[in-house]
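Undergrad: What follows is the file final.cif, containing mmCIF, C-alpha atoms:
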data_query
#
loop_
_atom_site.group_PDB
_atom_site.id
_atom_site.type_symbol
_atom_site.label_atom_id
_atom_site.label_comp_id
_atom_site.auth_asym_id
_atom_site.auth_seq_id
_atom_site.Cartn_x
_atom_site.Cartn_y
_atom_site.Cartn_z
ATOM 1 C CA MET A 1 10.821 -5.676 3.538
ATOM 2 C CA PHE A 2 11.080 -9.307 2.422
ATOM 3 C CA GLU A 3 12.789 -8.527 -0.865
ATOM 4 C CA GLY A 4 12.719 -11.579 -3.131
ATOM 5 C CA PHE A 5 9.899 -13.238 -1.176
ATOM 6 C CA GLN A 6 6.641 -14.285 -2.793
ATOM 7 C CA ALA A 7 3.304 -13.129 -1.396
ATOM 8 C CA ARG A 8 0.438 -15.583 -1.662
ATOM 9 C CA ARG A 9 -2.901 -16.434 -0.103
ATOM 10 C CA ILE A 10 -3.841 -19.925 1.019
ATOM 11 C CA LYS A 11 -7.361 -20.958 2.000
ATOM 12 C CA THR A 12 -7.661 -23.290 4.972
ATOM 13 C CA SER A 13 -10.765 -25.017 6.331
ATOM 14 C CA ASN A 14 -12.238 -21.802 7.781
ATOM 15 C CA ALA A 15 -9.693 -19.046 7.183
ATOM 16 C CA GLU A 16 -7.696 -17.412 4.415
ATOM 17 C CA ILE A 17 -4.052 -16.898 5.294
ATOM 18 C CA ALA A 18 -1.700 -14.311 3.788
ATOM 19 C CA VAL A 19 1.829 -15.689 3.698
ATOM 20 C CA LYS A 20 5.295 -14.738 2.486
ATOM 21 C CA THR A 21 7.598 -17.483 1.204
ATOM 22 C CA GLY A 22 11.251 -17.346 0.240
ATOM 23 C CA GLY A 23 14.686 -18.788 0.750
ATOM 24 C CA HIS A 24 16.281 -22.161 0.118
ATOM 25 C CA GLY A 25 16.661 -25.332 2.156
ATOM 26 C CA PRO A 26 14.538 -27.197 4.720
ATOM 27 C CA ALA A 27 11.236 -25.587 5.665
ATOM 28 C CA LEU A 28 11.047 -23.153 8.588
ATOM 29 C CA LEU A 29 7.662 -21.754 9.620
ATOM 30 C CA LEU A 30 7.789 -18.470 11.583
ATOM 31 C CA LEU A 31 4.767 -17.123 13.495
ATOM 32 C CA HIS A 32 4.266 -13.592 14.846
ATOM 33 C CA GLY A 33 2.553 -12.274 17.965
ATOM 34 C CA TYR A 34 0.251 -9.514 19.212
ATOM 35 C CA PRO A 35 -0.341 -6.728 18.236
ATOM 36 C CA GLN A 36 1.803 -7.263 15.154
ATOM 37 C CA THR A 37 1.958 -9.129 11.839
ATOM 38 C CA HIS A 38 4.416 -11.292 9.932
ATOM 39 C CA ALA A 39 6.515 -8.125 9.532
ATOM 40 C CA ILE A 40 8.203 -8.817 12.905
ATOM 41 C CA TRP A 41 10.541 -11.188 11.035
ATOM 42 C CA HIS A 42 11.746 -8.683 8.426
ATOM 43 C CA LYS A 43 15.170 -8.251 10.078
ATOM 44 C CA VAL A 44 15.649 -11.950 10.816
ATOM 45 C CA ALA A 45 14.446 -13.430 7.522
ATOM 46 C CA PRO A 46 17.413 -12.255 5.382
ATOM 47 C CA ALA A 47 19.839 -13.983 7.771
ATOM 48 C CA LEU A 48 17.926 -17.266 7.497
ATOM 49 C CA ALA A 49 16.852 -17.301 3.861
ATOM 50 C CA ASP A 50 20.112 -18.741 2.506
ATOM 51 C CA ARG A 51 19.732 -21.787 4.752
ATOM 52 C CA PHE A 52 15.964 -22.328 5.067
ATOM 53 C CA SER A 53 12.820 -22.165 2.959
ATOM 54 C CA LEU A 54 10.895 -19.647 5.041
ATOM 55 C CA VAL A 55 7.119 -19.626 5.437
ATOM 56 C CA ILE A 56 5.976 -16.454 7.223
ATOM 57 C CA PRO A 57 2.186 -15.989 7.557
ATOM 58 C CA ASP A 58 -0.174 -13.625 9.304
ATOM 59 C CA LEU A 59 -2.204 -15.554 11.881
ATOM 60 C CA ARG A 60 -5.913 -15.863 11.176
ATOM 61 C CA GLY A 61 -7.636 -12.531 11.710
ATOM 62 C CA TYR A 62 -4.323 -10.651 11.948
ATOM 63 C CA GLY A 63 -2.703 -8.516 9.254
ATOM 64 C CA ASP A 64 -3.975 -9.453 5.811
ATOM 65 C CA SER A 65 -5.294 -12.863 6.850
ATOM 66 C CA ILE A 66 -9.037 -13.405 7.134
ATOM 67 C CA GLY A 67 -10.417 -15.302 10.090
ATOM 68 C CA PRO A 68 -13.863 -16.783 10.787
ATOM 69 C CA LYS A 69 -16.607 -15.122 12.764
ATOM 70 C CA PRO A 70 -16.308 -15.404 16.553
ATOM 71 C CA ASP A 71 -18.123 -18.282 18.237
ATOM 72 C CA PRO A 72 -19.465 -18.480 21.811
ATOM 73 C CA GLU A 73 -16.688 -20.827 23.012
ATOM 74 C CA HIS A 74 -13.971 -18.854 21.150
ATOM 75 C CA LEU A 75 -12.809 -22.085 19.509
ATOM 76 C CA ASN A 76 -12.422 -20.322 16.162
ATOM 77 C CA TYR A 77 -9.497 -18.383 17.656
ATOM 78 C CA SER A 78 -8.076 -21.154 19.790
ATOM 79 C CA LYS A 79 -4.418 -21.940 19.295
ATOM 80 C CA ARG A 80 -5.572 -25.402 18.210
ATOM 81 C CA ALA A 81 -7.549 -23.902 15.321
ATOM 82 C CA MET A 82 -4.685 -21.563 14.423
ATOM 83 C CA ALA A 83 -2.258 -24.499 14.507
ATOM 84 C CA ARG A 84 -4.524 -26.390 12.124
ATOM 85 C CA ASP A 85 -4.277 -23.424 9.720
ATOM 86 C CA MET A 86 -0.510 -23.806 9.758
ATOM 87 C CA ILE A 87 -0.705 -27.547 9.096
ATOM 88 C CA GLU A 88 -2.954 -26.916 6.106
ATOM 89 C CA ILE A 89 -0.598 -24.222 4.820
ATOM 90 C CA MET A 90 2.391 -26.507 5.050
ATOM 91 C CA ASP A 91 0.392 -29.276 3.349
ATOM 92 C CA ALA A 92 -0.443 -26.878 0.503
ATOM 93 C CA LEU A 93 3.252 -26.043 0.178
ATOM 94 C CA GLY A 94 4.258 -29.705 0.165
ATOM 95 C CA GLN A 95 6.078 -29.604 3.508
ATOM 96 C CA PRO A 96 5.159 -32.661 5.603
ATOM 97 C CA ARG A 97 7.845 -32.009 8.235
ATOM 98 C CA PHE A 98 9.304 -28.663 9.186
ATOM 99 C CA ARG A 99 11.077 -26.521 11.734
ATOM 100 C CA LEU A 100 8.930 -24.054 13.666
ATOM 101 C CA GLY A 101 9.489 -20.775 15.476
ATOM 102 C CA GLY A 102 7.029 -18.436 17.148
ATOM 103 C CA HIS A 103 6.953 -15.224 19.151
ATOM 104 C CA ASP A 104 4.299 -14.189 21.673
ATOM 105 C CA ARG A 105 0.845 -15.400 20.475
ATOM 106 C CA GLY A 106 2.548 -17.117 17.553
ATOM 107 C CA ALA A 107 4.645 -19.061 20.059
ATOM 108 C CA ARG A 108 1.404 -20.263 21.666
ATOM 109 C CA VAL A 109 0.215 -21.478 18.273
ATOM 110 C CA ALA A 110 3.634 -23.079 17.762
ATOM 111 C CA TYR A 111 3.728 -25.125 20.968
ATOM 112 C CA ARG A 112 0.091 -26.172 20.489
ATOM 113 C CA LEU A 113 0.993 -27.355 16.990
ATOM 114 C CA ALA A 114 3.960 -29.313 18.368
ATOM 115 C CA LEU A 115 1.688 -30.985 20.955
ATOM 116 C CA ASP A 116 -1.159 -31.748 18.553
ATOM 117 C CA PHE A 117 0.956 -32.724 15.540
ATOM 118 C CA PRO A 118 4.243 -34.057 16.954
ATOM 119 C CA GLU A 119 5.065 -35.947 13.772
ATOM 120 C CA ARG A 120 5.192 -32.690 11.794
ATOM 121 C CA VAL A 121 7.687 -30.637 13.844
ATOM 122 C CA LYS A 122 11.409 -31.375 13.699
ATOM 123 C CA LYS A 123 12.493 -28.598 16.088
ATOM 124 C CA LEU A 124 10.684 -25.802 17.925
ATOM 125 C CA ALA A 125 11.877 -22.328 18.956
ATOM 126 C CA ILE A 126 9.743 -20.386 21.438
ATOM 127 C CA LEU A 127 10.333 -16.641 21.841
ATOM 128 C CA ASP A 128 9.545 -14.961 25.161
ATOM 129 C CA ILE A 129 6.603 -16.877 26.597
ATOM 130 C CA VAL A 130 5.683 -19.664 28.991
ATOM 131 C CA PRO A 131 2.640 -21.924 28.436
ATOM 132 C CA THR A 132 -0.745 -20.248 28.670
ATOM 133 C CA VAL A 133 -1.982 -22.195 31.686
ATOM 134 C CA GLU A 134 1.243 -21.396 33.545
ATOM 135 C CA THR A 135 0.769 -17.676 32.917
ATOM 136 C CA TRP A 136 -2.761 -17.708 34.337
ATOM 137 C CA GLU A 137 -1.768 -19.777 37.357
ATOM 138 C CA GLN A 138 1.137 -17.487 38.243
ATOM 139 C CA MET A 139 -0.862 -14.267 37.888
ATOM 140 C CA GLY A 140 -0.689 -12.529 41.245
ATOM 141 C CA TRP A 141 -1.397 -8.844 41.638
ATOM 142 C CA GLU A 142 2.035 -7.707 40.436
ATOM 143 C CA SER A 143 2.028 -9.841 37.318
ATOM 144 C CA ALA A 144 -1.611 -8.886 36.707
ATOM 145 C CA LEU A 145 -0.568 -5.229 36.569
ATOM 146 C CA ALA A 146 2.319 -6.079 34.235
ATOM 147 C CA THR A 147 0.087 -8.169 31.962
ATOM 148 C CA TYR A 148 -3.245 -6.397 32.445
ATOM 149 C CA HIS A 149 -4.051 -6.878 28.748
ATOM 150 C CA TRP A 150 -4.639 -10.612 29.319
ATOM 151 C CA PRO A 151 -7.792 -10.192 31.448
ATOM 152 C CA PHE A 152 -8.762 -6.947 29.697
ATOM 153 C CA LEU A 153 -8.816 -8.436 26.200
ATOM 154 C CA ALA A 154 -10.599 -11.544 27.499
ATOM 155 C CA VAL A 155 -13.562 -9.501 28.787
ATOM 156 C CA PRO A 156 -16.715 -10.465 26.820
ATOM 157 C CA ALA A 157 -17.440 -8.571 23.613
ATOM 158 C CA PRO A 158 -17.902 -5.797 22.795
ATOM 159 C CA VAL A 159 -16.253 -4.028 25.741
ATOM 160 C CA PRO A 160 -12.559 -4.197 24.772
ATOM 161 C CA GLU A 161 -13.415 -3.830 21.077
ATOM 162 C CA LYS A 162 -15.309 -0.606 21.801
ATOM 163 C CA MET A 163 -12.612 0.796 24.063
ATOM 164 C CA ILE A 164 -9.718 -0.049 21.728
ATOM 165 C CA GLY A 165 -11.773 1.016 18.723
ATOM 166 C CA SER A 166 -11.995 4.574 20.016
ATOM 167 C CA ASP A 167 -8.277 4.990 19.226
ATOM 168 C CA PRO A 168 -6.749 1.689 18.039
ATOM 169 C CA LEU A 169 -3.398 3.118 16.988
ATOM 170 C CA PHE A 170 -2.916 4.738 20.387
ATOM 171 C CA TYR A 171 -3.476 1.370 22.039
ATOM 172 C CA MET A 172 -1.151 -0.447 19.642
ATOM 173 C CA HIS A 173 1.678 2.050 20.210
ATOM 174 C CA HIS A 174 1.063 1.932 23.953
ATOM 175 C CA LEU A 175 1.715 -1.821 23.894
ATOM 176 C CA LEU A 176 4.770 -1.589 21.662
ATOM 177 C CA GLN A 177 6.388 1.001 23.904
ATOM 178 C CA ARG A 178 5.296 -0.776 27.091
ATOM 179 C CA TRP A 179 6.965 -4.052 26.109
ATOM 180 C CA ALA A 180 9.993 -2.910 24.120
ATOM 181 C CA GLY A 181 13.335 -2.710 25.876
ATOM 182 C CA LYS A 182 14.808 -0.666 23.019
ATOM 183 C CA LYS A 183 12.161 1.873 22.138
ATOM 184 C CA ASP A 184 13.710 2.790 18.793
ATOM 185 C CA CYS A 185 13.917 -0.781 17.499
ATOM 186 C CA PHE A 186 10.929 -0.586 15.175
ATOM 187 C CA ASP A 187 11.483 0.065 11.487
ATOM 188 C CA PRO A 188 9.077 2.692 10.060
ATOM 189 C CA GLU A 189 7.939 0.271 7.350
ATOM 190 C CA ALA A 190 7.137 -2.363 9.965
ATOM 191 C CA ILE A 191 5.265 0.194 12.067
ATOM 192 C CA ALA A 192 3.225 1.141 8.999
ATOM 193 C CA ALA A 193 2.307 -2.520 8.530
ATOM 194 C CA TYR A 194 1.261 -2.864 12.168
ATOM 195 C CA GLU A 195 -0.807 0.319 11.991
ATOM 196 C CA ALA A 196 -2.559 -0.750 8.783
ATOM 197 C CA SER A 197 -3.463 -4.057 10.416
ATOM 198 C CA PHE A 198 -4.577 -2.748 13.797
ATOM 199 C CA ALA A 199 -6.696 -0.003 12.253
ATOM 200 C CA LYS A 200 -9.090 -2.683 10.970
ATOM 201 C CA PRO A 201 -12.037 -3.379 13.316
ATOM 202 C CA SER A 202 -11.933 -7.012 12.169
ATOM 203 C CA VAL A 203 -8.353 -7.329 13.458
ATOM 204 C CA VAL A 204 -9.237 -5.796 16.825
ATOM 205 C CA GLU A 205 -12.139 -8.247 17.094
ATOM 206 C CA ALA A 206 -9.978 -11.241 16.105
ATOM 207 C CA THR A 207 -7.216 -10.329 18.531
ATOM 208 C CA CYS A 208 -9.680 -10.023 21.407
ATOM 209 C CA GLU A 209 -11.062 -13.437 20.458
ATOM 210 C CA ASP A 210 -7.489 -14.758 20.521
ATOM 211 C CA TYR A 211 -7.175 -13.646 24.167
ATOM 212 C CA ARG A 212 -10.644 -14.896 25.094
ATOM 213 C CA ALA A 213 -9.598 -18.295 23.783
ATOM 214 C CA GLY A 214 -6.478 -17.969 25.923
ATOM 215 C CA ALA A 215 -8.593 -17.512 29.040
ATOM 216 C CA GLY A 216 -10.861 -20.432 28.162
ATOM 217 C CA CYS A 217 -10.315 -23.224 25.673
ATOM 218 C CA ASP A 218 -6.551 -22.721 25.281
ATOM 219 C CA ARG A 219 -6.065 -22.975 29.025
ATOM 220 C CA GLU A 220 -8.279 -26.065 29.105
ATOM 221 C CA HIS A 221 -6.280 -27.703 26.295
ATOM 222 C CA ASP A 222 -3.068 -27.073 28.249
ATOM 223 C CA LEU A 223 -4.595 -28.510 31.416
ATOM 224 C CA ALA A 224 -5.686 -31.647 29.570
ATOM 225 C CA ASP A 225 -2.182 -32.156 28.160
ATOM 226 C CA ARG A 226 -0.565 -31.606 31.536
ATOM 227 C CA LYS A 227 -2.953 -34.040 33.236
ATOM 228 C CA ALA A 228 -2.274 -36.646 30.541
ATOM 229 C CA GLY A 229 1.493 -36.156 30.851
ATOM 230 C CA ARG A 230 1.719 -35.182 27.205
ATOM 231 C CA LYS A 231 4.938 -33.352 26.346
ATOM 232 C CA ILE A 232 6.588 -31.690 23.374
ATOM 233 C CA GLN A 233 8.624 -34.421 21.738
ATOM 234 C CA CYS A 234 11.064 -32.419 19.619
ATOM 235 C CA PRO A 235 14.045 -30.324 20.810
ATOM 236 C CA LEU A 236 12.891 -26.958 22.165
ATOM 237 C CA LEU A 237 14.851 -23.700 22.185
ATOM 238 C CA VAL A 238 13.646 -20.854 24.417
ATOM 239 C CA ILE A 239 14.894 -17.412 23.346
ATOM 240 C CA TRP A 240 13.867 -14.777 25.851
ATOM 241 C CA GLY A 241 14.290 -11.093 26.560
ATOM 242 C CA ALA A 242 16.013 -10.776 29.929
ATOM 243 C CA ASP A 243 14.956 -7.147 30.308
ATOM 244 C CA TYR A 244 11.298 -8.097 29.789
ATOM 245 C CA LEU A 245 10.943 -11.277 31.837
ATOM 246 C CA LYS A 246 13.544 -10.609 34.561
ATOM 247 C CA ASP A 247 10.984 -9.263 37.048
ATOM 248 C CA LYS A 248 8.503 -12.061 36.309
ATOM 249 C CA ILE A 249 10.511 -15.301 36.348
ATOM 250 C CA ALA A 250 14.137 -16.331 36.743
ATOM 251 C CA SER A 251 14.141 -18.296 33.492
ATOM 252 C CA PRO A 252 11.254 -19.433 31.275
ATOM 253 C CA ALA A 253 13.332 -22.489 30.338
ATOM 254 C CA GLU A 254 12.800 -23.902 33.823
ATOM 255 C CA ILE A 255 9.048 -23.842 33.263
ATOM 256 C CA TRP A 256 9.373 -25.314 29.775
ATOM 257 C CA LYS A 257 11.296 -28.284 31.201
ATOM 258 C CA LYS A 258 7.968 -29.456 32.614
ATOM 259 C CA TRP A 259 6.570 -29.454 29.082
ATOM 260 C CA ALA A 260 9.463 -30.859 27.030
ATOM 261 C CA SER A 261 12.351 -33.246 27.609
ATOM 262 C CA ASP A 262 14.995 -31.452 25.537
ATOM 263 C CA VAL A 263 15.064 -27.737 26.417
ATOM 264 C CA ARG A 264 17.813 -25.226 25.656
ATOM 265 C CA GLU A 265 17.783 -21.477 26.227
ATOM 266 C CA VAL A 266 19.327 -18.284 24.907
ATOM 267 C CA PRO A 267 18.641 -15.191 27.047
ATOM 268 C CA LEU A 268 19.211 -11.879 25.283
ATOM 269 C CA LYS A 269 19.555 -8.420 26.788
ATOM 270 C CA CYS A 270 16.451 -6.833 25.335
ATOM 271 C CA GLY A 271 12.740 -6.402 25.849
ATOM 272 C CA HIS A 272 9.871 -8.449 24.476
ATOM 273 C CA PHE A 273 10.337 -7.795 20.766
ATOM 274 C CA ILE A 274 13.410 -9.988 20.340
ATOM 275 C CA ALA A 275 13.366 -10.301 16.545
ATOM 276 C CA GLU A 276 13.365 -6.511 16.196
ATOM 277 C CA GLU A 277 15.457 -5.498 19.203
ATOM 278 C CA GLU A 278 18.214 -8.096 18.738
ATOM 279 C CA PRO A 279 17.747 -9.418 15.192
ATOM 280 C CA GLU A 280 21.343 -10.557 14.661
ATOM 281 C CA ALA A 281 21.507 -12.478 17.942
ATOM 282 C CA CYS A 282 18.022 -13.889 17.392
ATOM 283 C CA ALA A 283 18.870 -15.047 13.865
ATOM 284 C CA LYS A 284 22.164 -16.546 15.046
ATOM 285 C CA ALA A 285 20.472 -18.529 17.821
ATOM 286 C CA MET A 286 17.769 -19.803 15.490
ATOM 287 C CA ARG A 287 20.170 -20.601 12.681
ATOM 288 C CA GLU A 288 22.465 -22.635 14.936
ATOM 289 C CA PHE A 289 19.586 -24.467 16.628
ATOM 290 C CA PHE A 290 17.703 -25.317 13.458
ATOM 291 C CA THR A 291 20.844 -26.284 11.516
ATOM 292 C CA ASN A 292 22.620 -28.507 14.029
ATOM 293 C CA GLY A 293 21.432 -31.949 15.058
#
Render the structure in this file as structure tokens.

TA:
Amino acid sequence: MFEGFQARRIKTSNAEIAVKTGGHGPALLLLHGYPQTHAIWHKVAPALADRFSLVIPDLRGYGDSIGPKPDPEHLNYSKRAMARDMIEIMDALGQPRFRLGGHDRGARVAYRLALDFPERVKKLAILDIVPTVETWEQMGWESALATYHWPFLAVPAPVPEKMIGSDPLFYMHHLLQRWAGKKDCFDPEAIAAYEASFAKPSVVEATCEDYRAGAGCDREHDLADRKAGRKIQCPLLVIWGADYLKDKIASPAEIWKKWASDVREVPLKCGHFIAEEEPEACAKAMREFFTNG
């Protein structure tokens, strides 16, 4: 995977981020989600590398990146802190303004970055989520069953860490199969990368902290922005898996229109793991959006 890309490590204020870089053209930062690593982009990156200089990191605490110790308020794993990592990475790479795409938890980092640092983001692509506060507010009993991992992972330590730690690879595969529309979409090399990451107790701990932040400080940051009327200023593309979100909402783009003025959407017939289930369509949508305008 990522043939021709360079692997490097960049220290930020309180993390050390593993990142792959490659390609040619304007900068495009791509962020992964849970329970995965940067490897989610391995099918999409080759289709974008001739047009963009790609920056593809592991989020703090995920994969080969090293995150800080947990704190009582879970601020160390807030999307605001993770977004600051990405700003420092792009500063280190000499990229003051860039395009940005994110899937799942990485999409939460991405929209937080666009809200906190609007001058840095030229365009934003969000894959298969709605804002964190919206998810919590819409969580009735049916959606709670469908997204039980949100409250489960947010339970205070060490309960989820202990339970997942008894068989972490079972839990990781359970989630992949639960959310995938096309169960055979995962490349064996990518699976090996996800397994190597999720087998680390430090990754399990960091990912639980990520979700605890989502239930607390991330939600509060969203509420503050909504109350202040703060919106994403750049064009926003929502790429979503129709087979994953169809029973939850009619279209995530309708929700995003409350958070951004310029919203476009591309629904794809697949499950949650868009970049692996429909890599050609995903790459095409991103390439057209990030190239035009």

Undergrad: Report the residues retrieved by the PyMOL selection byres ((chain A and resi 30-38) around 9) from the displayed file, expressed as an MDAnalysis selection string.

TA: chainID A and resid 19:20 28:29 39:42 54:59 62:64 99:110 172 175:176 190:191 193:195 197:198 207

Undergrad: Using only C-alpha atoms for the distances, tell me which of A:Ile87, A:Ala157, A:Leu93, A:Val238 is nearest to Val204 (chain A).

TA: A:Ala157

Undergrad: Which distance in Å separates CA of Glu288 (chain A) and CA of Ala18 (chain A), to one decimal?

TA: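 Between CA of Glu288 (chain A) and CA of Ala18 (chain A) the gap works out to 27.9 Å.
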
Undergrad: For the structure shown, which residues end up in the PyMOL selection byres ((chain A and resi 150) around 12)? Put them as a VMD selection string, please?

TA: chain A and resid 34 105 132 135 to 136 139 143 to 149 151 to 155 160 207 to 216

Undergrad: With a cut-off of 9 Å, could you pull out the residues of region 72-150 of chain A touching region 250-269 of chain A and give me the nearest pair of atoms for each, distance in Å to one decimal, using only C-alpha atoms, ordered by chain and ascending number, as JSON lines?

TA:
{"residue": "A:Asp128", "atom": "CA", "partner": "A:Pro252", "partner_atom": "CA", "distance": 7.8}
{"residue": "A:Ile129", "atom": "CA", "partner": "A:Pro252", "partner_atom": "CA", "distance": 7.1}
{"residue": "A:Val130", "atom": "CA", "partner": "A:Pro252", "partner_atom": "CA", "distance": 6.0}
{"residue": "A:Pro131", "atom": "CA", "partner": "A:Trp256", "partner_atom": "CA", "distance": 7.7}
{"residue": "A:Glu134", "atom": "CA", "partner": "A:Ile255", "partner_atom": "CA", "distance": 8.2}

Undergrad: Measuring atom to atom with all atoms listed in the file, identify which of A:Lys43, A:Lys69, A:His24, A:Lys122 is nearest to Gln233 (chain A).

TA: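 Smallest separation from Gln233 (chain A) among the options: A:Lys122.
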
Undergrad: Counting only C-alpha atoms, figure out which residue out of A:Pro26, A:Gly181, A:Gly271, A:Gly165 gets nearest to Leu127 (chain A).

TA: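 Of A:Pro26, A:Gly181, A:Gly271, A:Gly165, the one nearest Leu127 (chain A), counting only C-alpha atoms, is A:Gly271.
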
Undergrad: Running the PyMOL selection byres ((chain A and resi 88) around 12) on this model by hand, what would come out? Give it as a PyMOL selection string.

TA: chain A and resi 10-17+81-87+89-96+113+117+120

Undergrad: Once 5 Å is added on each side, what centre and edge lengths in Å to one decimal does the axis-aligned box around all listed atoms of region 14-23 of chain A have, as JSON?

TA:
{"center_x": 1.2, "center_y": -18.1, "center_z": 4.0, "size_x": 36.9, "size_y": 17.5, "size_z": 17.5}

Undergrad: Which distance in Å separates CA of Phe98 (chain A) and CA of Ala125 (chain A), to one decimal?

TA: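 Going from CA of Phe98 (chain A) over to CA of Ala125 (chain A) covers 11.9 Å.
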
Undergrad: If I take CA of Glu189 (chain A) and CA of Gly61 (chain A), how far is one from the other in Å, to one decimal?

TA: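 CA of Gly61 (chain A) lies at a distance of 20.6 Å from CA of Glu189 (chain A).
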
Undergrad: Could you check the closest approach to Glu276 (chain A) for each of A:Pro168, A:Leu236, A:Arg226, A:Ala45 and tell me which residue wins, using only C-alpha atoms?

TA: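 Nearest to Glu276 (chain A): A:Ala45.
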
Undergrad: For region 217-222 of chain A, find every residue with an atom within 7 Å (counting all atoms listed in the file), except residues of its own chain fewer than 5 positions away, and show them as a VMD selection string.

TA: chain A and resid 75 78 to 79 132 to 133

Undergrad: Using only C-alpha atoms, which residue out of A:Val159, A:Ala283, A:Ala47, A:Leu115 lies closest to Glu205 (chain A)?

TA: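 Distance minimum relative to Glu205 (chain A) lands on A:Val159.
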
Undergrad: Between A:Leu48, A:Ile232, A:Trp179, A:Ala224, which one has atoms that come closest to Leu245 (chain A), using only C-alpha atoms?

TA: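 Smallest separation from Leu245 (chain A) among the options: A:Trp179.
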
Undergrad: Could you rebuild region 278-291 of chain A with N, CA, C and O atoms and give it back as an mmCIF file, in the frame of the given file?

TA:
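Printed below is out.cif as written:
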data_model
loop_
_atom_site.group_PDB
_atom_site.id
_atom_site.type_symbol
_atom_site.label_atom_id
_atom_site.label_comp_id
_atom_site.auth_asym_id
_atom_site.auth_seq_id
_atom_site.Cartn_x
_atom_site.Cartn_y
_atom_site.Cartn_z
ATOM 1 N N GLU A 278 16.931 -7.401 18.881
ATOM 2 C CA GLU A 278 18.214 -8.096 18.738
ATOM 3 C C GLU A 278 18.157 -9.058 17.550
ATOM 4 O O GLU A 278 18.287 -10.272 17.708
ATOM 5 N N PRO A 279 17.947 -8.523 16.343
ATOM 6 C CA PRO A 279 17.747 -9.418 15.192
ATOM 7 C C PRO A 279 18.949 -10.291 14.867
ATOM 8 O O PRO A 279 18.778 -11.460 14.488
ATOM 9 N N GLU A 280 20.162 -9.757 14.989
ATOM 10 C CA GLU A 280 21.343 -10.557 14.661
ATOM 11 C C GLU A 280 21.509 -11.706 15.642
ATOM 12 O O GLU A 280 21.759 -12.859 15.241
ATOM 13 N N ALA A 281 21.378 -11.429 16.929
ATOM 14 C CA ALA A 281 21.507 -12.478 17.942
ATOM 15 C C ALA A 281 20.368 -13.485 17.836
ATOM 16 O O ALA A 281 20.580 -14.698 18.015
ATOM 17 N N CYS A 282 19.174 -13.003 17.550
ATOM 18 C CA CYS A 282 18.022 -13.889 17.392
ATOM 19 C C CYS A 282 18.233 -14.815 16.193
ATOM 20 O O CYS A 282 18.041 -16.032 16.302
ATOM 21 N N ALA A 283 18.640 -14.246 15.070
ATOM 22 C CA ALA A 283 18.870 -15.047 13.865
ATOM 23 C C ALA A 283 19.987 -16.051 14.084
ATOM 24 O O ALA A 283 19.893 -17.205 13.641
ATOM 25 N N LYS A 284 21.037 -15.644 14.772
ATOM 26 C CA LYS A 284 22.164 -16.546 15.046
ATOM 27 C C LYS A 284 21.712 -17.734 15.888
ATOM 28 O O LYS A 284 22.043 -18.885 15.602
ATOM 29 N N ALA A 285 20.951 -17.460 16.949
ATOM 30 C CA ALA A 285 20.472 -18.529 17.821
ATOM 31 C C ALA A 285 19.568 -19.494 17.064
ATOM 32 O O ALA A 285 19.688 -20.732 17.205
ATOM 33 N N MET A 286 18.681 -18.957 16.240
ATOM 34 C CA MET A 286 17.769 -19.803 15.490
ATOM 35 C C MET A 286 18.511 -20.588 14.404
ATOM 36 O O MET A 286 18.262 -21.782 14.205
ATOM 37 N N ARG A 287 19.431 -19.932 13.736
ATOM 38 C CA ARG A 287 20.170 -20.601 12.681
ATOM 39 C C ARG A 287 20.973 -21.787 13.238
ATOM 40 O O ARG A 287 20.955 -22.882 12.670
ATOM 41 N N GLU A 288 21.664 -21.566 14.344
ATOM 42 C CA GLU A 288 22.465 -22.635 14.936
ATOM 43 C C GLU A 288 21.572 -23.778 15.429
ATOM 44 O O GLU A 288 21.872 -24.953 15.224
ATOM 45 N N PHE A 289 20.481 -23.441 16.083
ATOM 46 C CA PHE A 289 19.586 -24.467 16.628
ATOM 47 C C PHE A 289 18.939 -25.280 15.522
ATOM 48 O O PHE A 289 18.916 -26.521 15.581
ATOM 49 N N PHE A 290 18.424 -24.611 14.514
ATOM 50 C CA PHE A 290 17.703 -25.317 13.458
ATOM 51 C C PHE A 290 18.629 -26.059 12.488
ATOM 52 O O PHE A 290 18.207 -26.982 11.811
ATOM 53 N N THR A 291 19.899 -25.637 12.424
ATOM 54 C CA THR A 291 20.844 -26.284 11.516
ATOM 55 C C THR A 291 21.477 -27.510 12.135
ATOM 56 O O THR A 291 21.627 -28.554 11.489
#
